[in-house]
>>> print(open('coords-v4.pdb').read())   # PDB, C-alpha atoms
ATOM      1  CA  GLY A   1      -4.543  22.745 -52.883  1.00  0.00           C
ATOM      2  CA  ALA A   2      -1.159  21.118 -52.455  1.00  0.00           C
ATOM      3  CA  ALA A   3       1.079  22.215 -49.592  1.00  0.00           C
ATOM      4  CA  LEU A   4       3.197  25.263 -50.540  1.00  0.00           C
ATOM      5  CA  GLN A   5       6.979  24.729 -50.484  1.00  0.00           C
ATOM      6  CA  PHE A   6       8.015  28.345 -50.028  1.00  0.00           C
ATOM      7  CA  LEU A   7      11.772  27.982 -49.415  1.00  0.00           C
ATOM      8  CA  THR A   8      12.916  26.201 -52.567  1.00  0.00           C
ATOM      9  CA  GLY A   9      16.247  27.208 -54.103  1.00  0.00           C
ATOM     10  CA  VAL A  10      17.770  28.345 -50.796  1.00  0.00           C
ATOM     11  CA  VAL A  11      21.573  28.192 -50.569  1.00  0.00           C
ATOM     12  CA  VAL A  12      23.144  27.385 -47.179  1.00  0.00           C
ATOM     13  CA  ALA A  13      26.792  28.127 -46.351  1.00  0.00           C
ATOM     14  CA  ASP A  14      28.944  28.414 -43.236  1.00  0.00           C
ATOM     15  CA  PRO A  15      32.599  29.558 -43.471  1.00  0.00           C
ATOM     16  CA  ASP A  16      33.467  27.878 -40.160  1.00  0.00           C
ATOM     17  CA  SER A  17      32.051  24.357 -40.465  1.00  0.00           C
ATOM     18  CA  PRO A  18      30.385  22.194 -43.121  1.00  0.00           C
ATOM     19  CA  GLN A  19      27.894  20.724 -40.630  1.00  0.00           C
ATOM     20  CA  PHE A  20      25.370  21.878 -38.013  1.00  0.00           C
ATOM     21  CA  SER A  21      25.298  19.122 -35.378  1.00  0.00           C
ATOM     22  CA  GLY A  22      23.879  20.585 -32.150  1.00  0.00           C
ATOM     23  CA  GLY A  23      22.236  23.384 -34.083  1.00  0.00           C
ATOM     24  CA  SER A  24      18.670  23.811 -35.269  1.00  0.00           C
ATOM     25  CA  LEU A  25      16.304  25.114 -37.898  1.00  0.00           C
ATOM     26  CA  THR A  26      13.190  27.027 -36.790  1.00  0.00           C
ATOM     27  CA  VAL A  27      10.412  28.143 -39.122  1.00  0.00           C
ATOM     28  CA  ALA A  28       7.859  30.452 -37.487  1.00  0.00           C
ATOM     29  CA  LEU A  29       4.749  32.184 -38.801  1.00  0.00           C
ATOM     30  CA  GLY A  30       4.117  35.737 -37.623  1.00  0.00           C
ATOM     31  CA  SER A  31       0.603  34.707 -36.572  1.00  0.00           C
ATOM     32  CA  HIS A  32      -1.370  31.505 -36.927  1.00  0.00           C
ATOM     33  CA  ALA A  33      -4.874  31.216 -38.353  1.00  0.00           C
ATOM     34  CA  SER A  34      -7.076  28.222 -37.631  1.00  0.00           C
ATOM     35  CA  GLY A  35      -5.894  25.216 -39.645  1.00  0.00           C
ATOM     36  CA  ASP A  36      -2.369  26.506 -40.355  1.00  0.00           C
ATOM     37  CA  ARG A  37       0.266  23.794 -40.579  1.00  0.00           C
ATOM     38  CA  LEU A  38       4.012  23.784 -41.249  1.00  0.00           C
ATOM     39  CA  GLN A  39       5.527  20.445 -42.214  1.00  0.00           C
ATOM     40  CA  ILE A  40       8.395  18.729 -44.000  1.00  0.00           C
ATOM     41  CA  VAL A  41       7.276  16.968 -47.165  1.00  0.00           C
ATOM     42  CA  ASP A  42       9.294  14.060 -48.532  1.00  0.00           C
ATOM     43  CA  GLY A  43      11.450  14.725 -51.581  1.00  0.00           C
ATOM     44  CA  ASN A  44      14.831  15.979 -52.790  1.00  0.00           C
ATOM     45  CA  GLY A  45      16.574  13.342 -50.645  1.00  0.00           C
ATOM     46  CA  THR A  46      14.715  14.478 -47.523  1.00  0.00           C
ATOM     47  CA  ALA A  47      12.245  12.307 -45.598  1.00  0.00           C
ATOM     48  CA  VAL A  48      10.658  12.193 -42.143  1.00  0.00           C
ATOM     49  CA  VAL A  49      10.204   8.809 -40.471  1.00  0.00           C
ATOM     50  CA  ALA A  50       8.565   8.717 -37.017  1.00  0.00           C
ATOM     51  CA  GLY A  51       9.786  12.229 -36.218  1.00  0.00           C
ATOM     52  CA  VAL A  52      13.335  11.584 -37.454  1.00  0.00           C
ATOM     53  CA  VAL A  53      14.568  13.730 -40.338  1.00  0.00           C
ATOM     54  CA  LYS A  54      16.720  11.876 -42.860  1.00  0.00           C
ATOM     55  CA  PHE A  55      18.787  13.025 -45.810  1.00  0.00           C
ATOM     56  CA  ASN A  56      19.641  10.397 -48.395  1.00  0.00           C
ATOM     57  CA  GLY A  57      18.658   7.747 -45.840  1.00  0.00           C
ATOM     58  CA  THR A  58      20.871   9.049 -42.995  1.00  0.00           C
ATOM     59  CA  ALA A  59      19.381  10.637 -39.875  1.00  0.00           C
ATOM     60  CA  ILE A  60      20.292  14.294 -39.467  1.00  0.00           C
ATOM     61  CA  GLY A  61      17.883  15.403 -36.740  1.00  0.00           C
ATOM     62  CA  THR A  62      14.421  15.323 -35.211  1.00  0.00           C
ATOM     63  CA  VAL A  63      11.375  17.469 -35.977  1.00  0.00           C
ATOM     64  CA  SER A  64       8.683  18.868 -33.670  1.00  0.00           C
ATOM     65  CA  GLY A  65       5.796  21.343 -33.814  1.00  0.00           C
ATOM     66  CA  GLY A  66       4.204  22.688 -36.964  1.00  0.00           C
ATOM     67  CA  ASN A  67       0.488  22.366 -36.165  1.00  0.00           C
ATOM     68  CA  GLY A  68      -0.380  25.903 -35.141  1.00  0.00           C
ATOM     69  CA  SER A  69       3.142  26.333 -33.745  1.00  0.00           C
ATOM     70  CA  ASP A  70       6.743  26.828 -34.863  1.00  0.00           C
ATOM     71  CA  LEU A  71       8.333  24.015 -36.859  1.00  0.00           C
ATOM     72  CA  VAL A  72      11.646  23.074 -35.225  1.00  0.00           C
ATOM     73  CA  VAL A  73      14.324  20.677 -36.484  1.00  0.00           C
ATOM     74  CA  ALA A  74      17.073  19.842 -33.978  1.00  0.00           C
ATOM     75  CA  PHE A  75      20.202  18.694 -35.801  1.00  0.00           C
ATOM     76  CA  THR A  76      21.683  15.663 -34.055  1.00  0.00           C
ATOM     77  CA  SER A  77      24.349  14.450 -36.455  1.00  0.00           C
ATOM     78  CA  SER A  78      27.408  15.659 -38.329  1.00  0.00           C
ATOM     79  CA  SER A  79      25.550  14.414 -41.398  1.00  0.00           C
ATOM     80  CA  ALA A  80      23.479  17.605 -41.079  1.00  0.00           C
ATOM     81  CA  THR A  81      25.673  19.320 -43.658  1.00  0.00           C
ATOM     82  CA  THR A  82      25.079  22.584 -45.464  1.00  0.00           C
ATOM     83  CA  GLY A  83      23.790  20.596 -48.428  1.00  0.00           C
ATOM     84  CA  ALA A  84      21.432  18.573 -46.245  1.00  0.00           C
ATOM     85  CA  ALA A  85      20.148  21.773 -44.603  1.00  0.00           C
ATOM     86  CA  ALA A  86      19.534  23.411 -47.985  1.00  0.00           C
ATOM     87  CA  ALA A  87      17.612  20.346 -49.201  1.00  0.00           C
ATOM     88  CA  LEU A  88      15.608  20.328 -45.958  1.00  0.00           C
ATOM     89  CA  LEU A  89      14.629  23.985 -46.326  1.00  0.00           C
ATOM     90  CA  GLY A  90      13.304  23.276 -49.789  1.00  0.00           C
ATOM     91  CA  GLN A  91      10.942  20.659 -48.353  1.00  0.00           C
ATOM     92  CA  VAL A  92       9.401  22.904 -45.680  1.00  0.00           C
ATOM     93  CA  ALA A  93       5.768  23.426 -46.649  1.00  0.00           C
ATOM     94  CA  PHE A  94       2.669  25.335 -45.526  1.00  0.00           C
ATOM     95  CA  SER A  95      -0.928  24.150 -45.704  1.00  0.00           C
ATOM     96  CA  ASN A  96      -4.258  25.075 -44.155  1.00  0.00           C
ATOM     97  CA  SER A  97      -7.091  22.654 -43.403  1.00  0.00           C
ATOM     98  CA  SER A  98      -9.744  25.343 -42.849  1.00  0.00           C
ATOM     99  CA  GLU A  99     -12.445  26.359 -45.325  1.00  0.00           C
ATOM    100  CA  ASN A 100     -11.600  29.940 -44.379  1.00  0.00           C
ATOM    101  CA  PRO A 101      -7.776  30.214 -44.636  1.00  0.00           C
ATOM    102  CA  THR A 102      -7.828  33.988 -45.226  1.00  0.00           C
ATOM    103  CA  TRP A 103     -10.284  34.741 -42.387  1.00  0.00           C
ATOM    104  CA  ALA A 104     -12.692  36.492 -44.762  1.00  0.00           C
ATOM    105  CA  GLY A 105      -9.814  38.481 -46.223  1.00  0.00           C
ATOM    106  CA  ALA A 106      -8.448  39.600 -42.847  1.00  0.00           C
ATOM    107  CA  LYS A 107      -5.379  37.370 -43.267  1.00  0.00           C
ATOM    108  CA  PRO A 108      -4.563  37.179 -46.991  1.00  0.00           C
ATOM    109  CA  ASP A 109      -0.934  36.349 -46.372  1.00  0.00           C
ATOM    110  CA  ARG A 110       1.452  34.876 -43.810  1.00  0.00           C
ATOM    111  CA  SER A 111       4.729  36.372 -42.620  1.00  0.00           C
ATOM    112  CA  VAL A 112       7.449  33.840 -41.890  1.00  0.00           C
ATOM    113  CA  THR A 113      10.770  33.889 -40.023  1.00  0.00           C
ATOM    114  CA  VAL A 114      13.426  31.247 -40.648  1.00  0.00           C
ATOM    115  CA  THR A 115      16.245  30.901 -38.123  1.00  0.00           C
ATOM    116  CA  LEU A 116      19.278  28.661 -38.726  1.00  0.00           C
ATOM    117  CA  ASP A 117      21.520  27.916 -35.710  1.00  0.00           C
ATOM    118  CA  ASP A 118      24.955  26.515 -36.629  1.00  0.00           C
ATOM    119  CA  GLY A 119      25.524  24.691 -33.326  1.00  0.00           C
ATOM    120  CA  GLY A 120      28.837  26.479 -32.676  1.00  0.00           C
ATOM    121  CA  ASN A 121      30.938  23.615 -34.002  1.00  0.00           C
ATOM    122  CA  THR A 122      34.073  25.652 -34.787  1.00  0.00           C
ATOM    123  CA  GLY A 123      35.929  28.387 -32.960  1.00  0.00           C
ATOM    124  CA  THR A 124      34.913  30.346 -29.891  1.00  0.00           C
ATOM    125  CA  GLY A 125      31.893  32.481 -29.120  1.00  0.00           C
ATOM    126  CA  GLY A 126      29.239  29.777 -29.152  1.00  0.00           C
ATOM    127  CA  ALA A 127      26.528  29.107 -31.701  1.00  0.00           C
ATOM    128  CA  LYS A 128      25.684  31.688 -34.330  1.00  0.00           C
ATOM    129  CA  THR A 129      22.385  32.197 -36.107  1.00  0.00           C
ATOM    130  CA  ASP A 130      21.169  33.640 -39.374  1.00  0.00           C
ATOM    131  CA  VAL A 131      17.601  34.889 -39.771  1.00  0.00           C
ATOM    132  CA  PHE A 132      15.503  35.268 -42.906  1.00  0.00           C
ATOM    133  CA  THR A 133      12.075  36.883 -43.031  1.00  0.00           C
ATOM    134  CA  GLY A 134       9.499  36.934 -45.820  1.00  0.00           C
ATOM    135  CA  THR A 135       5.829  36.726 -46.773  1.00  0.00           C
ATOM    136  CA  PHE A 136       3.673  34.488 -48.949  1.00  0.00           C
ATOM    137  CA  SER A 137       0.052  34.832 -50.044  1.00  0.00           C
ATOM    138  CA  VAL A 138      -2.915  32.619 -49.148  1.00  0.00           C
ATOM    139  CA  VAL A 139      -5.918  32.276 -51.482  1.00  0.00           C
ATOM    140  CA  GLY A 140      -9.277  30.852 -50.408  1.00  0.00           C
ATOM    141  CA  VAL A 141     -11.445  28.811 -52.786  1.00  0.00           C
ATOM    142  CA  ASN A 142     -15.228  29.226 -52.902  1.00  0.00           C
ATOM    143  CA  ASP A 143     -16.976  25.879 -52.318  1.00  0.00           C
ATOM    144  CA  ALA A 144     -20.441  25.083 -53.651  1.00  0.00           C
ATOM    145  CA  PRO A 145     -23.339  24.876 -51.164  1.00  0.00           C
ATOM    146  CA  VAL A 146     -24.781  21.437 -50.380  1.00  0.00           C
ATOM    147  CA  LEU A 147     -28.490  20.597 -50.179  1.00  0.00           C
ATOM    148  CA  SER A 148     -29.058  17.326 -48.323  1.00  0.00           C
ATOM    149  CA  GLY A 149     -31.829  15.364 -46.662  1.00  0.00           C
ATOM    150  CA  VAL A 150     -34.234  15.992 -49.521  1.00  0.00           C
ATOM    151  CA  SER A 151     -36.793  13.283 -50.181  1.00  0.00           C
ATOM    152  CA  GLY A 152     -37.312  12.314 -53.807  1.00  0.00           C
ATOM    153  CA  THR A 153     -41.046  11.912 -53.207  1.00  0.00           C
ATOM    154  CA  SER A 154     -42.867  13.788 -50.438  1.00  0.00           C
ATOM    155  CA  ALA A 155     -45.297  11.767 -48.345  1.00  0.00           C
ATOM    156  CA  ASN A 156     -47.391  14.904 -47.755  1.00  0.00           C
ATOM    157  CA  LEU A 157     -50.599  15.183 -49.791  1.00  0.00           C
ATOM    158  CA  TYR A 158     -52.108  18.448 -50.955  1.00  0.00           C
ATOM    159  CA  VAL A 159     -55.914  18.503 -51.415  1.00  0.00           C
ATOM    160  CA  GLN A 160     -57.357  21.044 -53.815  1.00  0.00           C
ATOM    161  CA  GLY A 161     -58.556  24.117 -51.972  1.00  0.00           C
ATOM    162  CA  GLY A 162     -56.961  22.978 -48.749  1.00  0.00           C
ATOM    163  CA  SER A 163     -54.212  24.416 -46.589  1.00  0.00           C
ATOM    164  CA  ALA A 164     -50.629  24.563 -47.814  1.00  0.00           C
ATOM    165  CA  VAL A 165     -48.557  21.464 -47.072  1.00  0.00           C
ATOM    166  CA  LEU A 166     -44.912  21.145 -46.160  1.00  0.00           C
ATOM    167  CA  ILE A 167     -42.963  19.689 -49.064  1.00  0.00           C
ATOM    168  CA  ASP A 168     -39.916  18.513 -47.087  1.00  0.00           C
ATOM    169  CA  GLY A 169     -39.165  19.361 -43.469  1.00  0.00           C
ATOM    170  CA  SER A 170     -35.867  17.472 -43.314  1.00  0.00           C
ATOM    171  CA  ALA A 171     -33.943  19.337 -46.015  1.00  0.00           C
ATOM    172  CA  VAL A 172     -30.659  20.897 -44.867  1.00  0.00           C
ATOM    173  CA  LEU A 173     -28.780  23.602 -46.744  1.00  0.00           C
ATOM    174  CA  ALA A 174     -25.126  24.010 -45.807  1.00  0.00           C
ATOM    175  CA  ASP A 175     -22.050  25.867 -47.010  1.00  0.00           C
ATOM    176  CA  ALA A 176     -18.618  24.985 -45.649  1.00  0.00           C
ATOM    177  CA  ASP A 177     -17.270  28.472 -46.363  1.00  0.00           C
ATOM    178  CA  LEU A 178     -20.038  30.223 -44.424  1.00  0.00           C
ATOM    179  CA  GLN A 179     -19.641  27.813 -41.520  1.00  0.00           C
ATOM    180  CA  ALA A 180     -15.909  28.503 -41.381  1.00  0.00           C
ATOM    181  CA  LEU A 181     -16.514  32.252 -41.516  1.00  0.00           C
ATOM    182  CA  ASN A 182     -18.860  32.035 -38.550  1.00  0.00           C
ATOM    183  CA  GLU A 183     -16.312  30.025 -36.567  1.00  0.00           C
ATOM    184  CA  GLY A 184     -13.494  32.436 -37.398  1.00  0.00           C
ATOM    185  CA  VAL A 185     -14.801  35.973 -37.628  1.00  0.00           C
ATOM    186  CA  GLY A 186     -18.581  35.561 -37.291  1.00  0.00           C
ATOM    187  CA  SER A 187     -19.435  37.128 -40.657  1.00  0.00           C
ATOM    188  CA  GLY A 188     -20.892  34.170 -42.553  1.00  0.00           C
ATOM    189  CA  ASN A 189     -24.374  34.725 -43.986  1.00  0.00           C
ATOM    190  CA  TRP A 190     -26.452  33.985 -47.077  1.00  0.00           C
ATOM    191  CA  SER A 191     -26.788  37.615 -48.181  1.00  0.00           C
ATOM    192  CA  GLY A 192     -26.818  37.812 -51.976  1.00  0.00           C
ATOM    193  CA  SER A 193     -27.584  34.108 -52.401  1.00  0.00           C
ATOM    194  CA  GLY A 194     -30.654  32.627 -54.072  1.00  0.00           C
ATOM    195  CA  LEU A 195     -32.813  29.505 -53.658  1.00  0.00           C
ATOM    196  CA  VAL A 196     -34.957  28.416 -56.594  1.00  0.00           C
ATOM    197  CA  LEU A 197     -37.881  25.945 -56.389  1.00  0.00           C
ATOM    198  CA  SER A 198     -39.055  24.613 -59.743  1.00  0.00           C
ATOM    199  CA  ARG A 199     -42.139  22.553 -60.588  1.00  0.00           C
ATOM    200  CA  GLN A 200     -41.446  19.438 -62.630  1.00  0.00           C
ATOM    201  CA  GLY A 201     -43.220  19.521 -65.957  1.00  0.00           C
ATOM    202  CA  GLY A 202     -43.159  23.289 -66.168  1.00  0.00           C
ATOM    203  CA  ALA A 203     -44.502  26.197 -64.171  1.00  0.00           C
ATOM    204  CA  SER A 204     -48.170  26.743 -63.417  1.00  0.00           C
ATOM    205  CA  ALA A 205     -49.746  30.034 -62.409  1.00  0.00           C
ATOM    206  CA  ASP A 206     -51.980  28.130 -59.975  1.00  0.00           C
ATOM    207  CA  ASP A 207     -49.045  26.718 -57.989  1.00  0.00           C
ATOM    208  CA  VAL A 208     -47.794  28.839 -55.092  1.00  0.00           C
ATOM    209  CA  PHE A 209     -44.572  28.084 -53.258  1.00  0.00           C
ATOM    210  CA  GLY A 210     -43.683  29.781 -49.986  1.00  0.00           C
ATOM    211  CA  ALA A 211     -41.208  29.541 -47.159  1.00  0.00           C
ATOM    212  CA  SER A 212     -40.984  30.484 -43.510  1.00  0.00           C
ATOM    213  CA  GLY A 213     -38.517  30.189 -40.664  1.00  0.00           C
ATOM    214  CA  THR A 214     -34.785  30.885 -40.557  1.00  0.00           C
TER     215      THR A 214
END
>>> encode(input="coords-v4.pdb", output="structure tokens")
Amino acid sequence: GAALQFLTGVVVADPDSPQFSGGSLTVALGSHASGDRLQIVDGNGTAVVAGVVKFNGTAIGTVSGGNGSDLVVAFTSSSATTGAAAALLGQVAFSNSSENPTWAGAKPDRSVTVTLDDGGNTGTGGAKTDVFTGTFSVVGVNDAPVLSGVSGTSANLYVQGGSAVLIDGSAVLADADLQALNEGVGSGNWSGSGLVLSRQGGASADDVFGASGT
């Protein structure tokens, strides 16, 4: 599915200064599963060009991380105002490239911590931070299995009364979800699945299909 923008509608305020130059924004997941990604998606006046974060066309900072790590925006300009920061937060998004984003149900959600550092632009005492924590859910989608390498016409010939012949030795049955489960938690298997072989032109009691191997 589309990347999840999970911080929309956030309001940013600072009673000391209207801008965060020298400060930062850090978005961190409590734990990362394979394929997890945090990113800034373009929109709402916010865009990322070659690692530079812009608001309404003006650079406000630089971005790093996000692929299996914390997403960090370092504010480098006084144009990084409270309004620009609020718009930026709304464009922070989560996605997962794995076929097993929930780790077979072991990780059905992600905890997230957002830390805003004001850069200490006014008064004494240095930079101050505010921290927000929350959780959002992750839902996996079941993908259909894929049967490939099947020949439309087998070159093998069966002679009446003879030994059984192999219909197609190059067929491959795959399932992206099961493969991802095996890579993540090692629980992928075909238990409960079914494979049906049908004779064209209708079934015949004289025809016998069988299978062997793993």
>>> residues_around(input="coords-v4.pdb", residues="Glu99 (chain A)", least_positions_apart="3", cutoff="8 Å", atoms="all atoms listed in the file", output="short mmCIF file (atom, residue, chain, number, x, y, z; two decimals) with C-alpha atoms, in the coordinates of the input")
data_model
loop_
_atom_site.label_atom_id
_atom_site.label_comp_id
_atom_site.auth_asym_id
_atom_site.auth_seq_id
_atom_site.Cartn_x
_atom_site.Cartn_y
_atom_site.Cartn_z
CA GLY A 140 -9.28 30.85 -50.41
CA VAL A 141 -11.44 28.81 -52.79
CA ALA A 176 -18.62 24.98 -45.65
CA ASP A 177 -17.27 28.47 -46.36
CA ALA A 180 -15.91 28.50 -41.38
#
>>> axis_aligned_box(input="coords-v4.pdb", around="region 94-105 of chain A", padding_each_side="6 Å", output="lines of an AutoDock Vina configuration file")
center_x = -5.0
center_y = 30.6
center_z = -44.3
size_x = 27.4
size_y = 27.8
size_z = 15.8
>>> closest_residue(input="coords-v4.pdb", among="A:Thr133, A:Ser163, A:Asn121, A:Asn189", to="Ser21 (chain A)", atoms="all atoms listed in the file")
A:Asn121
>>> atom_distance(input="coords-v4.pdb", atom1="CA of Ser95 (chain A)", atom2="CA of Leu4 (chain A)")
6.5 Å
>>> closest_residue(input="coords-v4.pdb", among="A:Ser77, A:Val41, A:Val208, A:Gly1", to="Gly61 (chain A)", atoms="all atoms listed in the file")
A:Ser77
>>> closest_residue(input="coords-v4.pdb", among="A:Leu197, A:Ala106, A:Val53, A:Val139", to="Leu88 (chain A)", atoms="only C-alpha atoms")
A:Val53
>>> atom_distance(input="coords-v4.pdb", atom1="CA of Gly134 (chain A)", atom2="CA of Val112 (chain A)")
5.4 Å
>>> resolve_selection(input="coords-v4.pdb", expression="the PyMOL selection byres ((chain A and resi 44) around 8)", output="ChimeraX atom specification")
/A:42-43,45-46,87,91
>>> residues_around(input="coords-v4.pdb", residues="region 24-29 of chain A", least_positions_apart="2", cutoff="9 Å", atoms="only C-alpha atoms", output="PyMOL selection string")
chain A and resi 20-22+31-32+38+61+66+68-76+85+89+92+110-119
>>> build_atoms(input="coords-v4.pdb", residues="region 126-135 of chain A", atoms="all heavy atoms", output="PDB file, in the coordinates of the input")
ATOM      1  N   GLY A 126      30.528  30.470 -29.188  1.00  0.00           N
ATOM      2  CA  GLY A 126      29.239  29.777 -29.152  1.00  0.00           C
ATOM      3  C   GLY A 126      28.547  29.745 -30.501  1.00  0.00           C
ATOM      4  O   GLY A 126      29.104  30.132 -31.535  1.00  0.00           O
ATOM      5  N   ALA A 127      27.306  29.269 -30.474  1.00  0.00           N
ATOM      6  CA  ALA A 127      26.528  29.107 -31.701  1.00  0.00           C
ATOM      7  C   ALA A 127      26.158  30.464 -32.296  1.00  0.00           C
ATOM      8  O   ALA A 127      25.936  31.436 -31.583  1.00  0.00           O
ATOM      9  CB  ALA A 127      25.273  28.298 -31.402  1.00  0.00           C
ATOM     10  N   LYS A 128      26.094  30.496 -33.607  1.00  0.00           N
ATOM     11  CA  LYS A 128      25.684  31.688 -34.330  1.00  0.00           C
ATOM     12  C   LYS A 128      24.423  31.373 -35.132  1.00  0.00           C
ATOM     13  O   LYS A 128      24.182  30.236 -35.523  1.00  0.00           O
ATOM     14  CB  LYS A 128      26.788  32.159 -35.280  1.00  0.00           C
ATOM     15  CG  LYS A 128      28.122  32.455 -34.594  1.00  0.00           C
ATOM     16  CD  LYS A 128      28.010  33.627 -33.627  1.00  0.00           C
ATOM     17  CE  LYS A 128      29.372  33.947 -32.995  1.00  0.00           C
ATOM     18  NZ  LYS A 128      29.291  35.061 -32.025  1.00  0.00           N
ATOM     19  N   THR A 129      23.628  32.395 -35.368  1.00  0.00           N
ATOM     20  CA  THR A 129      22.385  32.197 -36.107  1.00  0.00           C
ATOM     21  C   THR A 129      22.289  33.166 -37.277  1.00  0.00           C
ATOM     22  O   THR A 129      22.894  34.245 -37.265  1.00  0.00           O
ATOM     23  CB  THR A 129      21.153  32.393 -35.206  1.00  0.00           C
ATOM     24  OG1 THR A 129      21.163  33.737 -34.685  1.00  0.00           O
ATOM     25  CG2 THR A 129      21.154  31.404 -34.061  1.00  0.00           C
ATOM     26  N   ASP A 130      21.527  32.758 -38.277  1.00  0.00           N
ATOM     27  CA  ASP A 130      21.169  33.640 -39.374  1.00  0.00           C
ATOM     28  C   ASP A 130      19.648  33.612 -39.487  1.00  0.00           C
ATOM     29  O   ASP A 130      19.023  32.557 -39.312  1.00  0.00           O
ATOM     30  CB  ASP A 130      21.811  33.184 -40.681  1.00  0.00           C
ATOM     31  CG  ASP A 130      21.692  34.237 -41.778  1.00  0.00           C
ATOM     32  OD1 ASP A 130      21.471  35.419 -41.432  1.00  0.00           O
ATOM     33  OD2 ASP A 130      21.826  33.888 -42.969  1.00  0.00           O
ATOM     34  N   VAL A 131      19.065  34.768 -39.763  1.00  0.00           N
ATOM     35  CA  VAL A 131      17.601  34.889 -39.771  1.00  0.00           C
ATOM     36  C   VAL A 131      17.140  35.450 -41.111  1.00  0.00           C
ATOM     37  O   VAL A 131      17.703  36.424 -41.623  1.00  0.00           O
ATOM     38  CB  VAL A 131      17.110  35.808 -38.628  1.00  0.00           C
ATOM     39  CG1 VAL A 131      15.601  35.957 -38.682  1.00  0.00           C
ATOM     40  CG2 VAL A 131      17.542  35.243 -37.280  1.00  0.00           C
ATOM     41  N   PHE A 132      16.127  34.811 -41.662  1.00  0.00           N
ATOM     42  CA  PHE A 132      15.503  35.268 -42.906  1.00  0.00           C
ATOM     43  C   PHE A 132      14.027  35.512 -42.644  1.00  0.00           C
ATOM     44  O   PHE A 132      13.360  34.725 -41.970  1.00  0.00           O
ATOM     45  CB  PHE A 132      15.658  34.212 -44.006  1.00  0.00           C
ATOM     46  CG  PHE A 132      14.776  34.440 -45.200  1.00  0.00           C
ATOM     47  CD1 PHE A 132      15.164  35.312 -46.204  1.00  0.00           C
ATOM     48  CD2 PHE A 132      13.548  33.801 -45.320  1.00  0.00           C
ATOM     49  CE1 PHE A 132      14.349  35.544 -47.304  1.00  0.00           C
ATOM     50  CE2 PHE A 132      12.727  34.020 -46.420  1.00  0.00           C
ATOM     51  CZ  PHE A 132      13.129  34.893 -47.413  1.00  0.00           C
ATOM     52  N   THR A 133      13.504  36.610 -43.171  1.00  0.00           N
ATOM     53  CA  THR A 133      12.075  36.883 -43.031  1.00  0.00           C
ATOM     54  C   THR A 133      11.459  37.111 -44.411  1.00  0.00           C
ATOM     55  O   THR A 133      12.121  37.595 -45.338  1.00  0.00           O
ATOM     56  CB  THR A 133      11.812  38.132 -42.160  1.00  0.00           C
ATOM     57  OG1 THR A 133      12.453  39.272 -42.759  1.00  0.00           O
ATOM     58  CG2 THR A 133      12.344  37.928 -40.755  1.00  0.00           C
ATOM     59  N   GLY A 134      10.191  36.756 -44.551  1.00  0.00           N
ATOM     60  CA  GLY A 134       9.499  36.934 -45.820  1.00  0.00           C
ATOM     61  C   GLY A 134       8.005  36.785 -45.652  1.00  0.00           C
ATOM     62  O   GLY A 134       7.496  36.629 -44.533  1.00  0.00           O
ATOM     63  N   THR A 135       7.290  36.808 -46.770  1.00  0.00           N
ATOM     64  CA  THR A 135       5.829  36.726 -46.773  1.00  0.00           C
ATOM     65  C   THR A 135       5.365  35.925 -47.984  1.00  0.00           C
ATOM     66  O   THR A 135       5.977  36.009 -49.055  1.00  0.00           O
ATOM     67  CB  THR A 135       5.199  38.131 -46.839  1.00  0.00           C
ATOM     68  OG1 THR A 135       5.666  38.916 -45.745  1.00  0.00           O
ATOM     69  CG2 THR A 135       3.684  38.053 -46.776  1.00  0.00           C
TER      70      THR A 135
END
